[in-house]
file protein-v5.txt (compact mmCIF, N, CA and C atoms)
# COMPACT_ATOMS: atom_id res chain seq x y z
N MET M 1 15.83 -1.85 21.07
CA MET M 1 16.08 -2.59 19.83
C MET M 1 15.82 -1.66 18.65
N SER M 2 16.73 -1.62 17.71
CA SER M 2 16.56 -0.75 16.55
C SER M 2 15.49 -1.30 15.62
N ASP M 3 14.92 -0.42 14.79
CA ASP M 3 13.91 -0.85 13.84
C ASP M 3 14.45 -1.89 12.88
N GLU M 4 15.71 -1.71 12.47
CA GLU M 4 16.31 -2.65 11.53
C GLU M 4 16.39 -4.04 12.15
N LYS M 5 16.84 -4.12 13.41
CA LYS M 5 16.91 -5.42 14.08
C LYS M 5 15.53 -6.01 14.28
N SER M 6 14.57 -5.19 14.69
CA SER M 6 13.23 -5.72 14.93
C SER M 6 12.60 -6.21 13.63
N THR M 7 12.83 -5.53 12.52
CA THR M 7 12.30 -5.98 11.24
C THR M 7 13.00 -7.25 10.78
N SER M 8 14.31 -7.32 10.98
CA SER M 8 15.05 -8.48 10.49
C SER M 8 14.70 -9.76 11.23
N SER M 9 14.26 -9.66 12.47
CA SER M 9 13.92 -10.86 13.22
C SER M 9 12.41 -11.08 13.32
N ALA M 10 11.62 -10.11 12.90
CA ALA M 10 10.17 -10.20 13.04
C ALA M 10 9.57 -11.13 11.99
N ARG M 11 8.50 -11.73 12.39
CA ARG M 11 7.69 -12.53 11.47
C ARG M 11 6.27 -12.01 11.59
N THR M 12 5.68 -11.66 10.45
CA THR M 12 4.33 -11.12 10.45
C THR M 12 3.62 -11.54 9.17
N ARG M 13 2.32 -11.37 9.15
CA ARG M 13 1.53 -11.80 8.01
C ARG M 13 1.41 -10.75 6.92
N VAL M 14 1.62 -9.47 7.26
CA VAL M 14 1.38 -8.41 6.28
C VAL M 14 2.64 -7.57 6.10
N TRP M 15 3.06 -7.44 4.84
CA TRP M 15 4.27 -6.70 4.48
C TRP M 15 3.93 -5.70 3.38
N VAL M 16 4.65 -4.59 3.35
CA VAL M 16 4.47 -3.58 2.31
C VAL M 16 5.82 -3.31 1.64
N ALA M 17 5.72 -2.83 0.40
CA ALA M 17 6.94 -2.47 -0.34
C ALA M 17 6.61 -1.38 -1.33
N VAL M 18 7.64 -0.68 -1.73
CA VAL M 18 7.54 0.33 -2.79
C VAL M 18 8.29 -0.24 -3.98
N VAL M 19 7.67 -0.15 -5.15
CA VAL M 19 8.32 -0.63 -6.36
C VAL M 19 8.35 0.50 -7.39
N TYR M 20 9.41 0.52 -8.17
CA TYR M 20 9.62 1.59 -9.15
C TYR M 20 9.46 1.03 -10.57
N PRO M 21 8.64 1.67 -11.40
CA PRO M 21 8.36 1.15 -12.74
C PRO M 21 9.60 0.80 -13.56
N GLU M 22 10.63 1.65 -13.48
CA GLU M 22 11.81 1.39 -14.33
C GLU M 22 12.60 0.16 -13.89
N SER M 23 12.38 -0.33 -12.68
CA SER M 23 13.09 -1.50 -12.18
C SER M 23 12.28 -2.78 -12.33
N LEU M 24 11.00 -2.64 -12.64
CA LEU M 24 10.11 -3.80 -12.68
C LEU M 24 10.19 -4.54 -14.01
N PRO M 25 10.16 -5.87 -13.95
CA PRO M 25 10.02 -6.61 -15.21
C PRO M 25 8.62 -6.36 -15.77
N LYS M 26 8.46 -6.52 -17.07
CA LYS M 26 7.17 -6.25 -17.70
C LYS M 26 6.04 -7.10 -17.13
N ASN M 27 6.35 -8.31 -16.70
CA ASN M 27 5.33 -9.23 -16.21
C ASN M 27 5.26 -9.27 -14.67
N TRP M 28 5.60 -8.16 -14.02
CA TRP M 28 5.68 -8.16 -12.57
C TRP M 28 4.36 -8.50 -11.89
N ILE M 29 3.25 -8.08 -12.47
CA ILE M 29 1.95 -8.40 -11.88
C ILE M 29 1.71 -9.91 -11.96
N ASP M 30 2.03 -10.50 -13.10
CA ASP M 30 1.89 -11.95 -13.25
C ASP M 30 2.78 -12.69 -12.25
N ILE M 31 3.99 -12.18 -12.04
CA ILE M 31 4.91 -12.81 -11.08
C ILE M 31 4.28 -12.86 -9.70
N LEU M 32 3.70 -11.75 -9.26
CA LEU M 32 3.06 -11.74 -7.94
C LEU M 32 1.77 -12.56 -7.94
N ASP M 33 0.99 -12.47 -9.00
CA ASP M 33 -0.25 -13.25 -9.06
C ASP M 33 0.02 -14.75 -8.98
N GLU M 34 1.11 -15.19 -9.59
CA GLU M 34 1.43 -16.62 -9.60
C GLU M 34 1.80 -17.16 -8.22
N THR M 35 2.06 -16.28 -7.26
CA THR M 35 2.36 -16.72 -5.90
C THR M 35 1.10 -17.15 -5.16
N SER M 36 -0.06 -16.73 -5.64
CA SER M 36 -1.37 -16.97 -5.00
C SER M 36 -1.53 -16.23 -3.67
N ILE M 37 -0.62 -15.33 -3.36
CA ILE M 37 -0.70 -14.53 -2.13
C ILE M 37 -1.67 -13.37 -2.40
N PRO M 38 -2.66 -13.16 -1.52
CA PRO M 38 -3.50 -11.98 -1.68
C PRO M 38 -2.65 -10.71 -1.54
N TRP M 39 -2.81 -9.79 -2.47
CA TRP M 39 -2.03 -8.56 -2.44
C TRP M 39 -2.81 -7.45 -3.13
N CYS M 40 -2.37 -6.23 -2.88
CA CYS M 40 -2.98 -5.10 -3.58
C CYS M 40 -1.91 -4.11 -3.99
N CYS M 41 -2.29 -3.28 -4.94
CA CYS M 41 -1.36 -2.32 -5.52
C CYS M 41 -2.02 -0.96 -5.65
N SER M 42 -1.28 0.06 -5.30
CA SER M 42 -1.76 1.44 -5.45
C SER M 42 -1.78 1.82 -6.92
N PRO M 43 -2.47 2.92 -7.23
CA PRO M 43 -2.26 3.50 -8.56
C PRO M 43 -0.81 4.00 -8.63
N LEU M 44 -0.33 4.23 -9.82
CA LEU M 44 1.01 4.76 -9.98
C LEU M 44 1.08 6.13 -9.31
N HIS M 45 1.97 6.28 -8.35
CA HIS M 45 2.16 7.56 -7.68
C HIS M 45 3.16 8.37 -8.51
N ASP M 46 2.63 9.11 -9.44
CA ASP M 46 3.48 9.90 -10.33
C ASP M 46 3.23 11.41 -10.19
N LYS M 47 2.47 11.77 -9.15
CA LYS M 47 2.18 13.19 -8.92
C LYS M 47 2.57 13.63 -7.51
N ASP M 48 3.32 12.79 -6.80
CA ASP M 48 3.77 13.13 -5.45
C ASP M 48 4.90 14.14 -5.51
N ILE M 49 4.96 15.01 -4.52
CA ILE M 49 6.06 15.97 -4.43
C ILE M 49 6.74 15.84 -3.07
N ASP M 50 8.02 16.17 -3.02
CA ASP M 50 8.76 16.08 -1.76
C ASP M 50 8.67 17.40 -0.99
N GLY M 51 9.37 17.48 0.11
CA GLY M 51 9.35 18.66 0.96
C GLY M 51 9.85 19.92 0.29
N ASP M 52 10.66 19.77 -0.76
CA ASP M 52 11.18 20.92 -1.50
C ASP M 52 10.32 21.27 -2.71
N ASN M 53 9.12 20.69 -2.75
CA ASN M 53 8.17 20.93 -3.84
C ASN M 53 8.68 20.41 -5.19
N LYS M 54 9.50 19.38 -5.15
CA LYS M 54 10.00 18.74 -6.37
C LYS M 54 9.29 17.40 -6.55
N PRO M 55 9.10 16.99 -7.79
CA PRO M 55 8.41 15.71 -8.02
C PRO M 55 9.22 14.53 -7.46
N LYS M 56 8.50 13.61 -6.82
CA LYS M 56 9.13 12.38 -6.36
C LYS M 56 9.19 11.40 -7.52
N LYS M 57 10.09 10.47 -7.42
CA LYS M 57 10.22 9.41 -8.41
C LYS M 57 8.91 8.60 -8.44
N ALA M 58 8.40 8.31 -9.62
CA ALA M 58 7.15 7.54 -9.75
C ALA M 58 7.33 6.17 -9.12
N HIS M 59 6.27 5.71 -8.45
CA HIS M 59 6.34 4.43 -7.74
C HIS M 59 4.95 3.88 -7.47
N TYR M 60 4.91 2.61 -7.13
CA TYR M 60 3.70 1.94 -6.66
C TYR M 60 3.93 1.50 -5.22
N HIS M 61 2.85 1.45 -4.46
CA HIS M 61 2.88 0.82 -3.14
C HIS M 61 2.19 -0.52 -3.28
N ILE M 62 2.80 -1.57 -2.73
CA ILE M 62 2.13 -2.86 -2.74
C ILE M 62 2.04 -3.39 -1.31
N LEU M 63 1.02 -4.18 -1.06
CA LEU M 63 0.81 -4.80 0.23
C LEU M 63 0.56 -6.28 0.00
N LEU M 64 1.29 -7.12 0.71
CA LEU M 64 1.14 -8.57 0.62
C LEU M 64 0.54 -9.08 1.91
N HIS M 65 -0.52 -9.89 1.81
CA HIS M 65 -1.23 -10.40 2.99
C HIS M 65 -1.14 -11.93 3.01
N PHE M 66 -0.19 -12.45 3.76
CA PHE M 66 0.06 -13.89 3.82
C PHE M 66 -0.91 -14.58 4.77
N SER M 67 -1.12 -15.87 4.59
CA SER M 67 -1.99 -16.63 5.49
C SER M 67 -1.27 -16.99 6.79
N GLY M 68 0.05 -16.98 6.75
CA GLY M 68 0.86 -17.25 7.94
C GLY M 68 1.99 -16.25 8.04
N LYS M 69 2.64 -16.23 9.18
CA LYS M 69 3.73 -15.27 9.39
C LYS M 69 4.93 -15.58 8.51
N LYS M 70 5.54 -14.53 7.97
CA LYS M 70 6.73 -14.65 7.12
C LYS M 70 7.81 -13.74 7.65
N SER M 71 9.04 -14.17 7.47
CA SER M 71 10.19 -13.34 7.85
C SER M 71 10.52 -12.41 6.70
N ILE M 72 11.31 -11.41 6.99
CA ILE M 72 11.71 -10.48 5.94
C ILE M 72 12.50 -11.21 4.85
N GLU M 73 13.27 -12.20 5.23
CA GLU M 73 14.05 -12.95 4.22
C GLU M 73 13.12 -13.70 3.28
N GLN M 74 12.04 -14.29 3.81
CA GLN M 74 11.09 -14.98 2.94
C GLN M 74 10.40 -14.00 1.98
N VAL M 75 10.05 -12.84 2.49
CA VAL M 75 9.38 -11.84 1.65
C VAL M 75 10.35 -11.28 0.62
N LYS M 76 11.59 -11.06 1.01
CA LYS M 76 12.59 -10.59 0.04
C LYS M 76 12.75 -11.58 -1.10
N THR M 77 12.71 -12.86 -0.80
CA THR M 77 12.84 -13.89 -1.84
C THR M 77 11.68 -13.79 -2.82
N ILE M 78 10.47 -13.59 -2.30
CA ILE M 78 9.29 -13.47 -3.16
C ILE M 78 9.38 -12.22 -4.03
N LEU M 79 9.87 -11.12 -3.43
CA LEU M 79 9.92 -9.84 -4.15
C LEU M 79 11.19 -9.64 -4.98
N ALA M 80 12.15 -10.54 -4.86
CA ALA M 80 13.43 -10.38 -5.58
C ALA M 80 13.27 -10.08 -7.07
N PRO M 81 12.36 -10.76 -7.79
CA PRO M 81 12.22 -10.45 -9.22
C PRO M 81 11.76 -9.03 -9.51
N LEU M 82 11.23 -8.32 -8.50
CA LEU M 82 10.72 -6.96 -8.70
C LEU M 82 11.80 -5.90 -8.53
N ASN M 83 12.99 -6.31 -8.07
CA ASN M 83 14.12 -5.37 -7.94
C ASN M 83 13.76 -4.15 -7.09
N CYS M 84 13.10 -4.38 -5.97
CA CYS M 84 12.63 -3.26 -5.15
C CYS M 84 13.42 -3.15 -3.85
N PRO M 85 13.30 -2.01 -3.18
CA PRO M 85 13.93 -1.87 -1.86
C PRO M 85 13.35 -2.90 -0.89
N PRO M 86 14.01 -3.12 0.24
CA PRO M 86 13.51 -4.12 1.20
C PRO M 86 12.09 -3.81 1.66
N PRO M 87 11.28 -4.87 1.84
CA PRO M 87 9.92 -4.66 2.33
C PRO M 87 9.92 -4.20 3.78
N GLN M 88 8.79 -3.68 4.20
CA GLN M 88 8.61 -3.21 5.57
C GLN M 88 7.42 -3.92 6.19
N ILE M 89 7.44 -4.04 7.50
CA ILE M 89 6.30 -4.60 8.22
C ILE M 89 5.13 -3.64 8.09
N CYS M 90 3.95 -4.18 7.84
CA CYS M 90 2.74 -3.37 7.81
C CYS M 90 2.14 -3.40 9.21
N HIS M 91 2.05 -2.25 9.84
CA HIS M 91 1.52 -2.18 11.19
C HIS M 91 0.01 -1.96 11.20
N ASP M 92 -0.55 -1.51 10.09
CA ASP M 92 -1.99 -1.24 10.03
C ASP M 92 -2.46 -1.37 8.58
N ILE M 93 -3.19 -2.44 8.30
CA ILE M 93 -3.65 -2.68 6.93
C ILE M 93 -4.56 -1.55 6.46
N ASN M 94 -5.52 -1.17 7.28
CA ASN M 94 -6.44 -0.10 6.88
C ASN M 94 -5.67 1.16 6.52
N GLY M 95 -4.76 1.58 7.38
CA GLY M 95 -3.99 2.79 7.13
C GLY M 95 -3.15 2.69 5.88
N ASN M 96 -2.55 1.53 5.64
CA ASN M 96 -1.71 1.37 4.45
C ASN M 96 -2.53 1.38 3.17
N VAL M 97 -3.66 0.70 3.16
CA VAL M 97 -4.48 0.70 1.95
C VAL M 97 -5.03 2.10 1.69
N ARG M 98 -5.46 2.78 2.74
CA ARG M 98 -5.97 4.14 2.59
C ARG M 98 -4.86 5.09 2.12
N TYR M 99 -3.61 4.83 2.57
CA TYR M 99 -2.49 5.67 2.14
C TYR M 99 -2.21 5.52 0.64
N MET M 100 -2.57 4.38 0.08
CA MET M 100 -2.32 4.16 -1.34
C MET M 100 -2.97 5.21 -2.23
N CYS M 101 -3.98 5.90 -1.70
CA CYS M 101 -4.59 7.00 -2.47
C CYS M 101 -4.58 8.30 -1.67
N HIS M 102 -3.86 8.30 -0.53
CA HIS M 102 -3.71 9.48 0.34
C HIS M 102 -5.05 9.94 0.92
N MET M 103 -5.93 9.00 1.21
CA MET M 103 -7.27 9.33 1.71
C MET M 103 -7.23 10.20 2.97
N ASP M 104 -6.27 9.94 3.84
CA ASP M 104 -6.21 10.65 5.11
C ASP M 104 -5.10 11.70 5.13
N SER M 105 -4.61 12.06 3.96
CA SER M 105 -3.56 13.07 3.83
C SER M 105 -3.99 14.11 2.81
N PRO M 106 -4.90 15.01 3.20
CA PRO M 106 -5.45 15.96 2.23
C PRO M 106 -4.42 16.90 1.61
N HIS M 107 -3.26 17.06 2.25
CA HIS M 107 -2.22 17.93 1.70
C HIS M 107 -1.44 17.25 0.58
N LYS M 108 -1.66 15.94 0.39
CA LYS M 108 -0.98 15.22 -0.69
C LYS M 108 -1.92 15.04 -1.87
N TYR M 109 -1.35 14.73 -3.03
CA TYR M 109 -2.16 14.49 -4.21
C TYR M 109 -3.15 13.37 -3.91
N GLN M 110 -4.40 13.54 -4.33
CA GLN M 110 -5.44 12.55 -4.07
C GLN M 110 -5.61 11.62 -5.27
N TYR M 111 -5.17 10.38 -5.10
CA TYR M 111 -5.37 9.36 -6.12
C TYR M 111 -6.74 8.72 -5.90
N SER M 112 -7.31 8.16 -6.91
CA SER M 112 -8.65 7.59 -6.81
C SER M 112 -8.62 6.24 -6.10
N PRO M 113 -9.44 6.07 -5.06
CA PRO M 113 -9.51 4.77 -4.38
C PRO M 113 -9.91 3.64 -5.33
N SER M 114 -10.67 3.96 -6.37
CA SER M 114 -11.07 2.91 -7.31
C SER M 114 -9.90 2.39 -8.14
N ASP M 115 -8.76 3.09 -8.08
CA ASP M 115 -7.58 2.65 -8.83
C ASP M 115 -6.67 1.73 -8.01
N ILE M 116 -7.03 1.47 -6.76
CA ILE M 116 -6.30 0.48 -5.97
C ILE M 116 -6.81 -0.88 -6.42
N VAL M 117 -5.90 -1.77 -6.79
CA VAL M 117 -6.31 -3.05 -7.36
C VAL M 117 -5.91 -4.19 -6.43
N GLY M 118 -6.90 -5.01 -6.11
CA GLY M 118 -6.65 -6.22 -5.32
C GLY M 118 -6.41 -7.40 -6.23
N HIS M 119 -5.56 -8.30 -5.80
CA HIS M 119 -5.22 -9.51 -6.56
C HIS M 119 -5.34 -10.72 -5.65
N ASN M 120 -5.63 -11.86 -6.26
CA ASN M 120 -5.69 -13.13 -5.54
C ASN M 120 -6.65 -13.09 -4.36
N GLY M 121 -7.78 -12.41 -4.54
CA GLY M 121 -8.81 -12.38 -3.52
C GLY M 121 -8.69 -11.28 -2.49
N PHE M 122 -7.71 -10.39 -2.64
CA PHE M 122 -7.59 -9.28 -1.68
C PHE M 122 -8.74 -8.31 -1.93
N ASP M 123 -9.52 -8.02 -0.89
CA ASP M 123 -10.69 -7.15 -0.99
C ASP M 123 -10.33 -5.74 -0.51
N CYS M 124 -10.01 -4.87 -1.43
CA CYS M 124 -9.62 -3.49 -1.09
C CYS M 124 -10.75 -2.74 -0.41
N ALA M 125 -11.98 -2.97 -0.85
CA ALA M 125 -13.13 -2.20 -0.37
C ALA M 125 -13.28 -2.27 1.14
N GLN M 126 -12.96 -3.40 1.74
CA GLN M 126 -13.16 -3.51 3.18
C GLN M 126 -12.22 -2.60 3.97
N TYR M 127 -11.14 -2.17 3.34
CA TYR M 127 -10.18 -1.29 4.01
C TYR M 127 -10.37 0.19 3.65
N LEU M 128 -11.27 0.46 2.73
CA LEU M 128 -11.47 1.83 2.27
C LEU M 128 -12.73 2.48 2.84
N LYS M 129 -13.38 1.79 3.76
CA LYS M 129 -14.59 2.33 4.36
C LYS M 129 -14.26 3.61 5.12
N ALA M 130 -15.24 4.49 5.20
CA ALA M 130 -15.05 5.76 5.93
C ALA M 130 -14.81 5.49 7.41
N THR M 131 -13.97 6.29 8.00
CA THR M 131 -13.72 6.17 9.44
C THR M 131 -14.96 6.65 10.19
N THR M 132 -15.03 6.32 11.46
CA THR M 132 -16.18 6.73 12.27
C THR M 132 -16.34 8.25 12.27
N SER M 133 -15.23 8.97 12.44
CA SER M 133 -15.33 10.44 12.46
C SER M 133 -15.77 10.96 11.09
N ALA M 134 -15.32 10.35 10.02
CA ALA M 134 -15.75 10.78 8.68
C ALA M 134 -17.24 10.53 8.50
N ARG M 135 -17.74 9.39 9.01
CA ARG M 135 -19.17 9.11 8.90
C ARG M 135 -19.98 10.18 9.63
N TYR M 136 -19.52 10.58 10.82
CA TYR M 136 -20.20 11.65 11.56
C TYR M 136 -20.16 12.97 10.77
N ASP M 137 -19.04 13.24 10.13
CA ASP M 137 -18.94 14.44 9.30
C ASP M 137 -19.96 14.40 8.17
N TYR M 138 -20.07 13.22 7.51
CA TYR M 138 -21.02 13.07 6.41
C TYR M 138 -22.46 13.28 6.91
N ILE M 139 -22.78 12.71 8.08
CA ILE M 139 -24.12 12.87 8.64
C ILE M 139 -24.38 14.34 8.93
N GLY M 140 -23.38 15.02 9.51
CA GLY M 140 -23.52 16.46 9.78
C GLY M 140 -23.76 17.25 8.52
N GLU M 141 -23.06 16.91 7.44
CA GLU M 141 -23.25 17.60 6.16
C GLU M 141 -24.66 17.37 5.62
N MET M 142 -25.15 16.12 5.79
CA MET M 142 -26.51 15.82 5.32
C MET M 142 -27.54 16.61 6.12
N ILE M 143 -27.35 16.69 7.44
CA ILE M 143 -28.28 17.44 8.29
C ILE M 143 -28.26 18.92 7.88
N ASP M 144 -27.07 19.47 7.68
CA ASP M 144 -26.96 20.86 7.25
C ASP M 144 -27.66 21.09 5.91
N PHE M 145 -27.52 20.15 5.00
CA PHE M 145 -28.13 20.27 3.69
C PHE M 145 -29.65 20.26 3.79
N ILE M 146 -30.16 19.36 4.63
CA ILE M 146 -31.62 19.22 4.78
C ILE M 146 -32.16 20.47 5.45
call {"tool": "encode", "arguments": {"input": "protein-v5.txt", "output": "structure tokens"}}
result
Amino acid sequence: MSDEKSTSSARTRVWVAVVYPESLPKNWIDILDETSIPWCCSPLHDKDIDGDNKPKKAHYHILLHFSGKKSIEQVKTILAPLNCPPPQICHDINGNVRYMCHMDSPHKYQYSPSDIVGHNGFDCAQYLKATTSARYDYIGEMIDFI
């Protein structure tokens, strides 16, 4: 089954999308907040570069966390006012939230985790905790320092 078919027929609780500032209405945050859906937004990714070392188009990453499963058509309807590309299934909330600041991609520009903003009760902090291996690295650094 192709990814397109699997996404078009899938129903899941967590969806992600990329939105571009020039396509967004001025009140886009209010539009999403009024849905009461818990969601979060990355800082503006305006320092990313592509494989040819050219700047990528500025964009935000958003993640929507529904209380029940939604189809892509339902999510597209919610996101329609944002004029964004089709949403994608989120396979890993932790990974997606951490990607919003490139925490696990040291070769990419590092955005501040404190600039990820949760809305409607979405708790970003629970997804930004250090991984087990990172905690061991921190402990090792502390031991070396002592």
call {"tool": "residues_around", "arguments": {"input": "protein-v5.txt", "residues": "segment 99-116 of chain M", "least_positions_apart": "4", "cutoff": "12 Å", "atoms": "only C-alpha atoms", "output": "mmCIF file with N, CA and C atoms, keeping the file's coordinate frame"}}
result
data_model
loop_
_atom_site.group_PDB
_atom_site.id
_atom_site.type_symbol
_atom_site.label_atom_id
_atom_site.label_comp_id
_atom_site.auth_asym_id
_atom_site.auth_seq_id
_atom_site.Cartn_x
_atom_site.Cartn_y
_atom_site.Cartn_z
ATOM 1 N N VAL M 16 4.650 -4.590 3.350
ATOM 2 C CA VAL M 16 4.470 -3.580 2.310
ATOM 3 C C VAL M 16 5.820 -3.310 1.640
ATOM 4 N N ALA M 17 5.720 -2.830 0.400
ATOM 5 C CA ALA M 17 6.940 -2.470 -0.340
ATOM 6 C C ALA M 17 6.610 -1.380 -1.330
ATOM 7 N N VAL M 18 7.640 -0.680 -1.730
ATOM 8 C CA VAL M 18 7.540 0.330 -2.790
ATOM 9 C C VAL M 18 8.290 -0.240 -3.980
ATOM 10 N N TRP M 39 -2.810 -9.790 -2.470
ATOM 11 C CA TRP M 39 -2.030 -8.560 -2.440
ATOM 12 C C TRP M 39 -2.810 -7.450 -3.130
ATOM 13 N N CYS M 40 -2.370 -6.230 -2.880
ATOM 14 C CA CYS M 40 -2.980 -5.100 -3.580
ATOM 15 C C CYS M 40 -1.910 -4.110 -3.990
ATOM 16 N N CYS M 41 -2.290 -3.280 -4.940
ATOM 17 C CA CYS M 41 -1.360 -2.320 -5.520
ATOM 18 C C CYS M 41 -2.020 -0.960 -5.650
ATOM 19 N N SER M 42 -1.280 0.060 -5.300
ATOM 20 C CA SER M 42 -1.760 1.440 -5.450
ATOM 21 C C SER M 42 -1.780 1.820 -6.920
ATOM 22 N N PRO M 43 -2.470 2.920 -7.230
ATOM 23 C CA PRO M 43 -2.260 3.500 -8.560
ATOM 24 C C PRO M 43 -0.810 4.000 -8.630
ATOM 25 N N LEU M 44 -0.330 4.230 -9.820
ATOM 26 C CA LEU M 44 1.010 4.760 -9.980
ATOM 27 C C LEU M 44 1.080 6.130 -9.310
ATOM 28 N N HIS M 45 1.970 6.280 -8.350
ATOM 29 C CA HIS M 45 2.160 7.560 -7.680
ATOM 30 C C HIS M 45 3.160 8.370 -8.510
ATOM 31 N N ASP M 46 2.630 9.110 -9.440
ATOM 32 C CA ASP M 46 3.480 9.900 -10.330
ATOM 33 C C ASP M 46 3.230 11.410 -10.190
ATOM 34 N N LYS M 47 2.470 11.770 -9.150
ATOM 35 C CA LYS M 47 2.180 13.190 -8.920
ATOM 36 C C LYS M 47 2.570 13.630 -7.510
ATOM 37 N N ASP M 48 3.320 12.790 -6.800
ATOM 38 C CA ASP M 48 3.770 13.130 -5.450
ATOM 39 C C ASP M 48 4.900 14.140 -5.510
ATOM 40 N N ILE M 49 4.960 15.010 -4.520
ATOM 41 C CA ILE M 49 6.060 15.970 -4.430
ATOM 42 C C ILE M 49 6.740 15.840 -3.070
ATOM 43 N N ASP M 50 8.020 16.170 -3.020
ATOM 44 C CA ASP M 50 8.760 16.080 -1.760
ATOM 45 C C ASP M 50 8.670 17.400 -0.990
ATOM 46 N N GLY M 51 9.370 17.480 0.110
ATOM 47 C CA GLY M 51 9.350 18.660 0.960
ATOM 48 C C GLY M 51 9.850 19.920 0.290
ATOM 49 N N ASN M 53 9.120 20.690 -2.750
ATOM 50 C CA ASN M 53 8.170 20.930 -3.840
ATOM 51 C C ASN M 53 8.680 20.410 -5.190
ATOM 52 N N PRO M 55 9.100 16.990 -7.790
ATOM 53 C CA PRO M 55 8.410 15.710 -8.020
ATOM 54 C C PRO M 55 9.220 14.530 -7.460
ATOM 55 N N LYS M 56 8.500 13.610 -6.820
ATOM 56 C CA LYS M 56 9.130 12.380 -6.360
ATOM 57 C C LYS M 56 9.190 11.400 -7.520
ATOM 58 N N HIS M 59 6.270 5.710 -8.450
ATOM 59 C CA HIS M 59 6.340 4.430 -7.740
ATOM 60 C C HIS M 59 4.950 3.880 -7.470
ATOM 61 N N TYR M 60 4.910 2.610 -7.130
ATOM 62 C CA TYR M 60 3.700 1.940 -6.660
ATOM 63 C C TYR M 60 3.930 1.500 -5.220
ATOM 64 N N HIS M 61 2.850 1.450 -4.460
ATOM 65 C CA HIS M 61 2.880 0.820 -3.140
ATOM 66 C C HIS M 61 2.190 -0.520 -3.280
ATOM 67 N N ILE M 62 2.800 -1.570 -2.730
ATOM 68 C CA ILE M 62 2.130 -2.860 -2.740
ATOM 69 C C ILE M 62 2.040 -3.390 -1.310
ATOM 70 N N LEU M 63 1.020 -4.180 -1.060
ATOM 71 C CA LEU M 63 0.810 -4.800 0.230
ATOM 72 C C LEU M 63 0.560 -6.280 0.000
ATOM 73 N N CYS M 90 3.950 -4.180 7.840
ATOM 74 C CA CYS M 90 2.740 -3.370 7.810
ATOM 75 C C CYS M 90 2.140 -3.400 9.210
ATOM 76 N N ASP M 92 -0.550 -1.510 10.090
ATOM 77 C CA ASP M 92 -1.990 -1.240 10.030
ATOM 78 C C ASP M 92 -2.460 -1.370 8.580
ATOM 79 N N ILE M 93 -3.190 -2.440 8.300
ATOM 80 C CA ILE M 93 -3.650 -2.680 6.930
ATOM 81 C C ILE M 93 -4.560 -1.550 6.460
ATOM 82 N N ASN M 94 -5.520 -1.170 7.280
ATOM 83 C CA ASN M 94 -6.440 -0.100 6.880
ATOM 84 C C ASN M 94 -5.670 1.160 6.520
ATOM 85 N N GLY M 95 -4.760 1.580 7.380
ATOM 86 C CA GLY M 95 -3.990 2.790 7.130
ATOM 87 C C GLY M 95 -3.150 2.690 5.880
ATOM 88 N N PHE M 122 -7.710 -10.390 -2.640
ATOM 89 C CA PHE M 122 -7.590 -9.280 -1.680
ATOM 90 C C PHE M 122 -8.740 -8.310 -1.930
ATOM 91 N N ASP M 123 -9.520 -8.020 -0.890
ATOM 92 C CA ASP M 123 -10.690 -7.150 -0.990
ATOM 93 C C ASP M 123 -10.330 -5.740 -0.510
ATOM 94 N N CYS M 124 -10.010 -4.870 -1.430
ATOM 95 C CA CYS M 124 -9.620 -3.490 -1.090
ATOM 96 C C CYS M 124 -10.750 -2.740 -0.410
ATOM 97 N N ALA M 125 -11.980 -2.970 -0.850
ATOM 98 C CA ALA M 125 -13.130 -2.200 -0.370
ATOM 99 C C ALA M 125 -13.280 -2.270 1.140
ATOM 100 N N GLN M 126 -12.960 -3.400 1.740
ATOM 101 C CA GLN M 126 -13.160 -3.510 3.180
ATOM 102 C C GLN M 126 -12.220 -2.600 3.970
ATOM 103 N N TYR M 127 -11.140 -2.170 3.340
ATOM 104 C CA TYR M 127 -10.180 -1.290 4.010
ATOM 105 C C TYR M 127 -10.370 0.190 3.650
ATOM 106 N N LEU M 128 -11.270 0.460 2.730
ATOM 107 C CA LEU M 128 -11.470 1.830 2.270
ATOM 108 C C LEU M 128 -12.730 2.480 2.840
ATOM 109 N N LYS M 129 -13.380 1.790 3.760
ATOM 110 C CA LYS M 129 -14.590 2.330 4.360
ATOM 111 C C LYS M 129 -14.260 3.610 5.120
ATOM 112 N N ALA M 130 -15.240 4.490 5.200
ATOM 113 C CA ALA M 130 -15.050 5.760 5.930
ATOM 114 C C ALA M 130 -14.810 5.490 7.410
ATOM 115 N N THR M 131 -13.970 6.290 8.000
ATOM 116 C CA THR M 131 -13.720 6.170 9.440
ATOM 117 C C THR M 131 -14.960 6.650 10.190
ATOM 118 N N SER M 133 -15.230 8.970 12.440
ATOM 119 C CA SER M 133 -15.330 10.440 12.460
ATOM 120 C C SER M 133 -15.770 10.960 11.090
ATOM 121 N N ALA M 134 -15.320 10.350 10.020
ATOM 122 C CA ALA M 134 -15.750 10.780 8.680
ATOM 123 C C ALA M 134 -17.240 10.530 8.500
#
call {"tool": "axis_aligned_box", "arguments": {"input": "protein-v5.txt", "around": "segment 10-21 of chain M", "padding_each_side": "5 Å", "output": "lines of an AutoDock Vina configuration file"}}
result
center_x = 6.5
center_y = -5.4
center_z = -0.3
size_x = 20.2
size_y = 24.2
size_z = 36.6
call {"tool": "residues_near_point", "arguments": {"input": "protein-v5.txt", "point": "(10.3, -7.0, -13.5)", "cutoff": "7 Å", "atoms": "only N, CA and C atoms", "output": "MDAnalysis selection string"}}
result
chainID M and resid 23:28 81:83
call {"tool": "closest_residue", "arguments": {"input": "protein-v5.txt", "among": "M:Arg11, M:Ile31, M:Pro87, M:Tyr20", "to": "Ala58 of chain M", "atoms": "all atoms listed in the file"}}
result
M:Tyr20
call {"tool": "select_by_dssp", "arguments": {"input": "protein-v5.txt", "residues": "segment 10-142 of chain M", "states": "strand (DSSP E or B)", "output": "PyMOL selection string"}}
result
chain M and resi 11-19+39-41+45+49+55+59-71+88-89+117-119
call {"tool": "atom_distance", "arguments": {"input": "protein-v5.txt", "atom1": "atom CA of Ile72 of chain M", "atom2": "atom N of Ala10 of chain M"}}
result
7.0 Å
